[in-house]
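Source file: upload_16.cif (mmCIF, C-alpha atoms)
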data_input
loop_
_atom_site.label_atom_id
_atom_site.label_comp_id
_atom_site.auth_asym_id
_atom_site.auth_seq_id
_atom_site.Cartn_x
_atom_site.Cartn_y
_atom_site.Cartn_z
CA MET A 1 -27.09 23.76 3.26
CA SER A 2 -27.48 23.20 6.99
CA SER A 3 -25.41 24.61 9.80
CA THR A 4 -21.66 24.11 9.64
CA TYR A 5 -19.28 22.68 12.20
CA GLU A 6 -15.87 24.28 12.16
CA VAL A 7 -12.85 23.38 14.20
CA THR A 8 -12.08 27.08 14.36
CA ASP A 9 -8.79 26.94 16.28
CA SER A 10 -6.55 24.48 14.46
CA ALA A 11 -3.98 24.66 17.28
CA LYS A 12 -6.53 23.41 19.82
CA PRO A 13 -6.54 19.60 20.19
CA HIS A 14 -9.74 17.95 19.04
CA LEU A 15 -10.75 14.36 19.76
CA PRO A 16 -12.49 13.05 16.63
CA GLY A 17 -15.56 11.11 17.71
CA GLU A 18 -16.46 9.61 21.07
CA SER A 19 -13.85 8.38 23.56
CA GLY A 20 -15.62 4.99 23.73
CA VAL A 21 -14.98 4.45 20.03
CA TRP A 22 -11.28 5.11 20.60
CA MET A 23 -11.20 2.53 23.39
CA PHE A 24 -12.64 0.03 20.93
CA ILE A 25 -10.13 1.03 18.23
CA ILE A 26 -7.18 0.74 20.65
CA GLY A 27 -8.40 -2.70 21.76
CA ASP A 28 -8.72 -3.83 18.15
CA VAL A 29 -5.26 -2.53 17.28
CA LEU A 30 -3.73 -4.41 20.22
CA ILE A 31 -5.49 -7.67 19.31
CA PHE A 32 -4.31 -7.42 15.70
CA SER A 33 -0.77 -6.57 16.89
CA LEU A 34 -0.76 -9.77 18.91
CA LEU A 35 -2.02 -11.75 15.92
CA PHE A 36 0.67 -10.24 13.66
CA SER A 37 3.37 -11.08 16.23
CA VAL A 38 2.20 -14.69 16.56
CA PHE A 39 2.15 -15.01 12.77
CA VAL A 40 5.69 -13.65 12.33
CA TYR A 41 6.97 -15.84 15.18
CA ASP A 42 5.36 -18.99 13.71
CA ARG A 43 6.71 -18.00 10.31
CA SER A 44 10.22 -17.86 11.77
CA GLN A 45 9.80 -21.52 12.79
CA GLU A 46 8.79 -22.65 9.28
CA VAL A 47 10.35 -20.05 6.98
CA ALA A 48 10.79 -22.33 3.96
CA LEU A 49 7.16 -23.48 4.04
CA PHE A 50 5.80 -19.95 4.47
CA ILE A 51 7.91 -18.57 1.59
CA GLU A 52 6.94 -21.48 -0.67
CA GLN A 53 3.23 -21.14 0.09
CA GLN A 54 3.34 -17.36 -0.24
CA GLN A 55 4.21 -17.83 -3.93
CA LEU A 56 0.68 -19.20 -4.38
CA LEU A 57 -0.88 -15.85 -3.42
CA ASN A 58 -1.83 -13.37 -6.11
CA GLN A 59 0.06 -10.15 -5.29
CA THR A 60 -1.95 -8.19 -7.86
CA PHE A 61 -5.16 -8.84 -5.91
CA GLY A 62 -3.41 -7.73 -2.72
CA LEU A 63 -1.99 -4.58 -4.32
CA VAL A 64 -5.29 -3.54 -5.94
CA ASN A 65 -7.08 -4.06 -2.63
CA THR A 66 -4.46 -1.94 -0.84
CA LEU A 67 -4.98 0.90 -3.32
CA LEU A 68 -8.77 0.57 -3.05
CA LEU A 69 -8.72 0.80 0.75
CA LEU A 70 -6.23 3.68 0.85
CA THR A 71 -8.36 5.65 -1.62
CA SER A 72 -11.50 4.75 0.28
CA SER A 73 -10.00 5.96 3.59
CA TRP A 74 -8.96 9.22 1.95
CA LEU A 75 -12.50 9.67 0.61
CA VAL A 76 -13.96 9.17 4.10
CA ALA A 77 -11.57 11.83 5.45
CA LEU A 78 -12.77 14.17 2.65
CA ALA A 79 -16.40 13.32 3.48
CA VAL A 80 -15.89 14.26 7.14
CA HIS A 81 -14.19 17.49 6.11
CA GLY A 82 -17.07 18.21 3.73
CA ALA A 83 -19.69 17.62 6.44
CA ARG A 84 -17.73 19.72 8.92
CA THR A 85 -17.55 22.69 6.56
CA GLY A 86 -21.17 22.38 5.46
CA HIS A 87 -20.48 20.89 2.03
CA LEU A 88 -22.95 18.06 2.42
CA SER A 89 -23.12 17.18 -1.27
CA GLN A 90 -19.34 16.62 -1.23
CA ALA A 91 -19.74 14.46 1.89
CA ARG A 92 -22.48 12.37 0.28
CA GLY A 93 -20.46 11.82 -2.92
CA CYS A 94 -17.31 10.87 -1.01
CA PHE A 95 -19.20 8.41 1.19
CA VAL A 96 -20.76 6.74 -1.88
CA LEU A 97 -17.35 6.38 -3.56
CA ALA A 98 -15.81 5.09 -0.31
CA ILE A 99 -18.59 2.47 -0.02
CA LEU A 100 -17.98 1.42 -3.63
CA GLY A 101 -14.26 1.07 -2.82
CA GLY A 102 -15.16 -1.18 0.11
CA ILE A 103 -17.49 -3.28 -2.04
CA GLY A 104 -14.75 -3.53 -4.68
CA PHE A 105 -12.39 -4.89 -2.02
CA VAL A 106 -14.92 -7.54 -0.99
CA VAL A 107 -15.52 -8.58 -4.62
CA ILE A 108 -11.78 -8.98 -5.23
CA LYS A 109 -11.47 -10.94 -1.99
CA TYR A 110 -14.27 -13.23 -3.20
CA PHE A 111 -12.37 -13.95 -6.43
CA GLU A 112 -9.13 -14.44 -4.52
CA TRP A 113 -10.62 -16.91 -2.04
CA SER A 114 -12.48 -18.71 -4.86
CA GLU A 115 -9.20 -19.11 -6.74
CA LYS A 116 -7.52 -20.60 -3.67
CA LEU A 117 -10.41 -22.90 -2.75
CA THR A 118 -10.64 -24.15 -6.34
CA ALA A 119 -6.94 -25.03 -6.13
CA ASP A 120 -7.78 -26.99 -2.96
CA LEU A 121 -5.93 -24.55 -0.72
CA THR A 122 -8.04 -24.46 2.44
CA ILE A 123 -7.60 -23.41 6.05
CA GLU A 124 -6.44 -26.97 6.79
CA THR A 125 -3.79 -27.13 4.06
CA ASN A 126 -0.92 -25.87 6.24
CA ASN A 127 -0.01 -23.21 8.80
CA PHE A 128 0.50 -20.51 6.19
CA PHE A 129 -3.00 -20.91 4.78
CA MET A 130 -4.45 -21.28 8.26
CA TYR A 131 -3.12 -17.80 9.05
CA TYR A 132 -4.09 -16.53 5.58
CA TYR A 133 -7.77 -17.44 6.00
CA LEU A 134 -7.85 -16.53 9.68
CA MET A 135 -6.36 -13.06 9.31
CA THR A 136 -8.03 -12.12 6.03
CA GLY A 137 -11.32 -13.57 7.36
CA ILE A 138 -11.23 -11.45 10.53
CA HIS A 139 -10.33 -8.47 8.38
CA LEU A 140 -13.22 -9.24 6.04
CA MET A 141 -15.63 -9.20 9.01
CA HIS A 142 -14.31 -5.73 9.83
CA MET A 143 -14.89 -4.78 6.19
CA PHE A 144 -18.58 -5.78 6.38
CA ILE A 145 -19.04 -3.85 9.64
CA GLY A 146 -17.16 -0.87 8.14
CA ILE A 147 -19.29 -0.82 4.98
CA GLY A 148 -22.42 -0.94 7.17
CA VAL A 149 -21.10 2.00 9.19
CA LEU A 150 -20.34 3.96 6.00
CA VAL A 151 -23.87 3.35 4.70
CA PHE A 152 -25.21 4.65 8.03
CA LEU A 153 -22.98 7.75 7.80
CA TRP A 154 -24.12 8.34 4.22
CA GLN A 155 -27.72 8.24 5.48
CA CYS A 156 -26.79 10.79 8.16
CA VAL A 157 -25.43 13.33 5.66
CA ARG A 158 -28.40 12.75 3.33
CA ASP A 159 -30.56 14.25 6.05
CA ALA A 160 -31.12 17.93 5.24
CA GLU A 161 -31.30 18.59 8.99
CA PHE A 162 -27.76 17.31 9.57
CA ASN A 163 -26.07 19.63 12.06
CA THR A 164 -23.40 20.00 14.73
CA GLN A 165 -24.92 17.31 16.95
CA GLY A 166 -24.54 14.81 14.14
CA MET A 167 -20.84 15.58 13.71
CA GLY A 168 -19.83 13.55 16.78
CA VAL A 169 -21.60 10.47 15.41
CA LEU A 170 -20.09 11.07 11.97
CA GLU A 171 -16.54 11.37 13.32
CA SER A 172 -16.97 8.29 15.53
CA GLY A 173 -18.10 6.16 12.61
CA ALA A 174 -15.54 7.60 10.22
CA CYS A 175 -12.65 6.70 12.56
CA PHE A 176 -13.40 3.00 12.13
CA TRP A 177 -12.79 2.84 8.37
CA PRO A 178 -9.09 3.88 8.42
CA LEU A 179 -8.58 1.22 11.12
CA VAL A 180 -9.71 -1.39 8.58
CA ASP A 181 -7.26 0.19 6.12
CA ILE A 182 -4.38 0.10 8.65
CA VAL A 183 -4.95 -3.60 9.37
CA TRP A 184 -4.97 -4.40 5.65
CA ILE A 185 -1.74 -2.43 5.00
CA ALA A 186 -0.03 -4.59 7.64
CA LEU A 187 -1.62 -7.81 6.34
CA PHE A 188 -0.49 -7.06 2.79
CA ALA A 189 3.11 -6.69 3.94
CA LEU A 190 3.07 -9.77 6.19
CA LEU A 191 1.20 -12.20 3.95
CA TYR A 192 2.10 -11.09 0.43
CA LEU A 193 5.45 -9.29 0.57
CA MET A 194 7.56 -10.57 3.47
CA ARG A 195 10.35 -12.88 2.25
CA MET B 1 8.98 17.30 14.58
CA GLY B 2 11.02 16.30 17.65
CA ARG B 3 8.91 13.17 18.07
CA LEU B 4 9.49 12.24 14.47
CA ASP B 5 13.24 12.65 14.95
CA SER B 6 13.29 10.37 18.00
CA GLY B 7 11.22 7.80 16.07
CA ASP B 8 13.69 7.99 13.21
CA GLY B 9 16.54 7.51 15.69
CA ILE B 10 15.01 4.29 16.97
CA VAL B 11 14.46 3.03 13.42
CA VAL B 12 18.10 3.78 12.53
CA ALA B 13 19.29 2.02 15.73
CA VAL B 14 17.24 -1.07 14.90
CA TRP B 15 18.47 -0.97 11.33
CA THR B 16 22.11 -0.82 12.52
CA TRP B 17 21.56 -3.76 14.88
CA ILE B 18 19.98 -5.68 12.06
CA GLY B 19 22.96 -4.86 9.87
CA PHE B 20 25.17 -7.01 12.08
CA ARG B 21 23.11 -10.06 11.41
CA GLU B 22 24.12 -12.19 8.48
CA LYS B 23 21.71 -13.13 5.69
CA PHE B 24 19.17 -10.62 6.83
CA HIS B 25 16.71 -9.77 4.12
CA TYR B 26 17.01 -6.02 3.86
CA ALA B 27 14.10 -5.81 1.43
CA THR B 28 11.71 -7.31 3.98
CA ALA B 29 13.03 -5.03 6.72
CA ALA B 30 12.50 -2.05 4.41
CA ILE B 31 8.97 -3.26 3.57
CA LEU B 32 8.07 -3.51 7.27
CA ILE B 33 9.46 -0.06 8.06
CA ILE B 34 7.70 1.52 5.05
CA THR B 35 4.49 -0.28 6.07
CA PHE B 36 4.51 1.31 9.51
CA VAL B 37 5.44 4.74 8.14
CA LYS B 38 2.40 4.41 5.84
CA ILE B 39 0.23 3.28 8.76
CA ARG B 40 1.46 6.29 10.75
CA PHE B 41 0.30 8.67 8.03
CA VAL B 42 -3.10 6.93 7.83
CA PHE B 43 -3.77 7.39 11.54
CA LEU B 44 -2.37 10.92 11.62
CA ASP B 45 -4.23 12.22 8.57
CA PHE B 46 -7.22 9.95 7.90
CA MET B 47 -8.05 9.28 11.57
CA GLU B 48 -7.23 12.92 12.39
CA LEU B 49 -4.80 12.08 15.18
CA ARG B 50 -2.52 14.91 14.05
CA THR B 51 -4.91 17.34 15.78
CA ALA B 52 -6.03 14.96 18.56
CA PRO B 53 -5.07 15.39 22.25
CA TRP B 54 -1.39 14.46 22.63
CA PRO B 55 -1.82 11.37 24.85
CA LEU B 56 -3.92 9.67 22.16
CA ARG B 57 -1.55 10.66 19.37
CA MET B 58 1.45 9.61 21.45
CA ALA B 59 -0.16 6.23 22.20
CA PHE B 60 -0.44 5.50 18.48
CA GLU B 61 3.07 6.83 17.73
CA VAL B 62 4.54 4.56 20.42
CA TRP B 63 2.44 1.63 19.23
CA ALA B 64 3.65 2.05 15.62
CA ILE B 65 7.31 2.05 16.69
CA ALA B 66 6.85 -0.82 19.16
CA ALA B 67 4.92 -2.96 16.68
CA CYS B 68 7.47 -2.35 13.91
CA VAL B 69 10.45 -3.16 16.17
CA THR B 70 8.70 -6.26 17.58
CA LEU B 71 7.89 -7.62 14.11
CA LEU B 72 11.45 -6.92 12.91
CA GLY B 73 12.80 -8.75 15.95
CA LEU B 74 10.50 -11.74 15.46
CA TYR B 75 11.30 -11.79 11.75
CA SER B 76 15.03 -11.89 12.52
CA LEU B 77 14.50 -15.17 14.44
CA GLY B 78 13.83 -16.92 11.15
CA VAL B 79 16.74 -15.61 9.04
#
Do you think you could lay out the structure here as structure tokens?
Amino acid sequence: MSSTYEVTDSAKPHLPGESGVWMFIIGDVLIFSLLFSVFVYDRSQEVALFIEQQQLLNQTFGLVNTLLLLTSSWLVALAVHGARTGHLSQARGCFVLAILGGIGFVVIKYFEWSEKLTADLTIETNNFFMYYYLMTGIHLMHMFIGIGVLVFLWQCVRDAEFNTQGMGVLESGACFWPLVDIVWIALFALLYLMR
Amino acid sequence: MGRLDSGDGIVVAVWTWIGFREKFHYATAAILIITFVKIRFVFLDFMELRTAPWPLRMAFEVWAIAACVTLLGLYSLGV
């Protein structure tokens, strides 16, 4: 076990990761907020169409993916805690499971998109499916980046020399994954559940 | 806890305003509110904003309330 990194005073504020990463996260959150607002506004102009087309989505896929991402985010939080307290084997295991959760999401998304494309529902079908492919596509790009980041973080904690200096990098990378989760939670509500 | 109470107050105020509108789909409003409560817990606990410097935490708290209220308002245009 290498050196540990404790946030000894729990009352003292602690910025997880680098401030630059947070600027990126805030920018991403604002861009997605704008996209969500435009979607809900456009939906209000064609409510009947959006509700009718929404029936063609598979809510089970959406729900399973929500559970996968929530669990995956929780595992990343556990991994960071494990690395911080010197439990590197716990951190490694949690990162592997989180990566598998992310891959599971992508596989389900592949089946979901295949199902839609087979039924001839494309980005050009109507406004609902334009937003569906646009928003889930942008989210999927974040998923690929996020899985890449998780693999990198897993490599970091595999290093027996992992120490305090590495914690900043670990926290910075780990902050990105829950962002992907947050965006999906909102997308699930807007695309699959909103009536 | 005080911040949570003020956030709840805003949600209740929006809910009451919504209540005056006819044909409003309460289930969708509830889904949106629950969604942002869930999002709030993800950024507080999984992104560790609960122990982050207050300006950063406050920025996300304000964003969650503003985004939820905005989406509820835009949604109400179509009912």
Inset, instruction - Might you spell out which residues the PyMOL selection byres ((chain A and resi 157-163) around 10) would select in the displayed file, as JSON, numbers by chain? - result: {"A": [1, 2, 3, 4, 5, 79, 80, 82, 83, 84, 86, 87, 88, 89, 90, 91, 92, 95, 152, 153, 154, 155, 156, 164, 165, 166, 167, 168, 170]}
Legend entry - Separation of CA of Val40 (chain A) from CA of Ile182 (chain A) in Å: 17.4 Å
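Shortest separation to chain A among B:Leu44, B:Val69, B:Val37, B:Leu74 occurs at residue B:Leu74, atoms counted being all atoms listed in the file.
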Running the PyMOL selection byres ((chain A) within 10 of (chain B)) on this model by hand, what would come out? Give it as an mmCIF file with C-alpha atoms, in the frame of the given file.
data_model
loop_
_atom_site.group_PDB
_atom_site.id
_atom_site.type_symbol
_atom_site.label_atom_id
_atom_site.label_comp_id
_atom_site.auth_asym_id
_atom_site.auth_seq_id
_atom_site.Cartn_x
_atom_site.Cartn_y
_atom_site.Cartn_z
ATOM 1 C CA SER A 10 -6.550 24.480 14.460
ATOM 2 C CA ALA A 11 -3.980 24.660 17.280
ATOM 3 C CA LYS A 12 -6.530 23.410 19.820
ATOM 4 C CA PRO A 13 -6.540 19.600 20.190
ATOM 5 C CA HIS A 14 -9.740 17.950 19.040
ATOM 6 C CA LEU A 15 -10.750 14.360 19.760
ATOM 7 C CA PRO A 16 -12.490 13.050 16.630
ATOM 8 C CA GLY A 17 -15.560 11.110 17.710
ATOM 9 C CA TRP A 22 -11.280 5.110 20.600
ATOM 10 C CA ILE A 26 -7.180 0.740 20.650
ATOM 11 C CA VAL A 29 -5.260 -2.530 17.280
ATOM 12 C CA LEU A 30 -3.730 -4.410 20.220
ATOM 13 C CA SER A 33 -0.770 -6.570 16.890
ATOM 14 C CA LEU A 34 -0.760 -9.770 18.910
ATOM 15 C CA PHE A 36 0.670 -10.240 13.660
ATOM 16 C CA SER A 37 3.370 -11.080 16.230
ATOM 17 C CA VAL A 38 2.200 -14.690 16.560
ATOM 18 C CA PHE A 39 2.150 -15.010 12.770
ATOM 19 C CA VAL A 40 5.690 -13.650 12.330
ATOM 20 C CA TYR A 41 6.970 -15.840 15.180
ATOM 21 C CA ASP A 42 5.360 -18.990 13.710
ATOM 22 C CA ARG A 43 6.710 -18.000 10.310
ATOM 23 C CA SER A 44 10.220 -17.860 11.770
ATOM 24 C CA GLN A 45 9.800 -21.520 12.790
ATOM 25 C CA GLU A 46 8.790 -22.650 9.280
ATOM 26 C CA VAL A 47 10.350 -20.050 6.980
ATOM 27 C CA ALA A 48 10.790 -22.330 3.960
ATOM 28 C CA LEU A 70 -6.230 3.680 0.850
ATOM 29 C CA SER A 73 -10.000 5.960 3.590
ATOM 30 C CA TRP A 74 -8.960 9.220 1.950
ATOM 31 C CA LEU A 75 -12.500 9.670 0.610
ATOM 32 C CA VAL A 76 -13.960 9.170 4.100
ATOM 33 C CA ALA A 77 -11.570 11.830 5.450
ATOM 34 C CA LEU A 78 -12.770 14.170 2.650
ATOM 35 C CA VAL A 80 -15.890 14.260 7.140
ATOM 36 C CA GLU A 171 -16.540 11.370 13.320
ATOM 37 C CA SER A 172 -16.970 8.290 15.530
ATOM 38 C CA ALA A 174 -15.540 7.600 10.220
ATOM 39 C CA CYS A 175 -12.650 6.700 12.560
ATOM 40 C CA PHE A 176 -13.400 3.000 12.130
ATOM 41 C CA TRP A 177 -12.790 2.840 8.370
ATOM 42 C CA PRO A 178 -9.090 3.880 8.420
ATOM 43 C CA LEU A 179 -8.580 1.220 11.120
ATOM 44 C CA ASP A 181 -7.260 0.190 6.120
ATOM 45 C CA ILE A 182 -4.380 0.100 8.650
ATOM 46 C CA VAL A 183 -4.950 -3.600 9.370
ATOM 47 C CA TRP A 184 -4.970 -4.400 5.650
ATOM 48 C CA ILE A 185 -1.740 -2.430 5.000
ATOM 49 C CA ALA A 186 -0.030 -4.590 7.640
ATOM 50 C CA LEU A 187 -1.620 -7.810 6.340
ATOM 51 C CA PHE A 188 -0.490 -7.060 2.790
ATOM 52 C CA ALA A 189 3.110 -6.690 3.940
ATOM 53 C CA LEU A 190 3.070 -9.770 6.190
ATOM 54 C CA LEU A 193 5.450 -9.290 0.570
ATOM 55 C CA MET A 194 7.560 -10.570 3.470
ATOM 56 C CA ARG A 195 10.350 -12.880 2.250
#
Legend entry - Pairwise distance for CA of Leu57 (chain A) and CA of Leu121 (chain A), rounded to one decimal in Å: 10.4 Å
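Closest approach to Thr71 (chain A) among A:Phe111, A:Phe24, A:Phe129, A:Phe105 is made by A:Phe105 (distances from only C-alpha atoms).
Taking CA of Ile99 (chain A) and CA of His139 (chain A) as endpoints, the distance between them is 16.1 Å.
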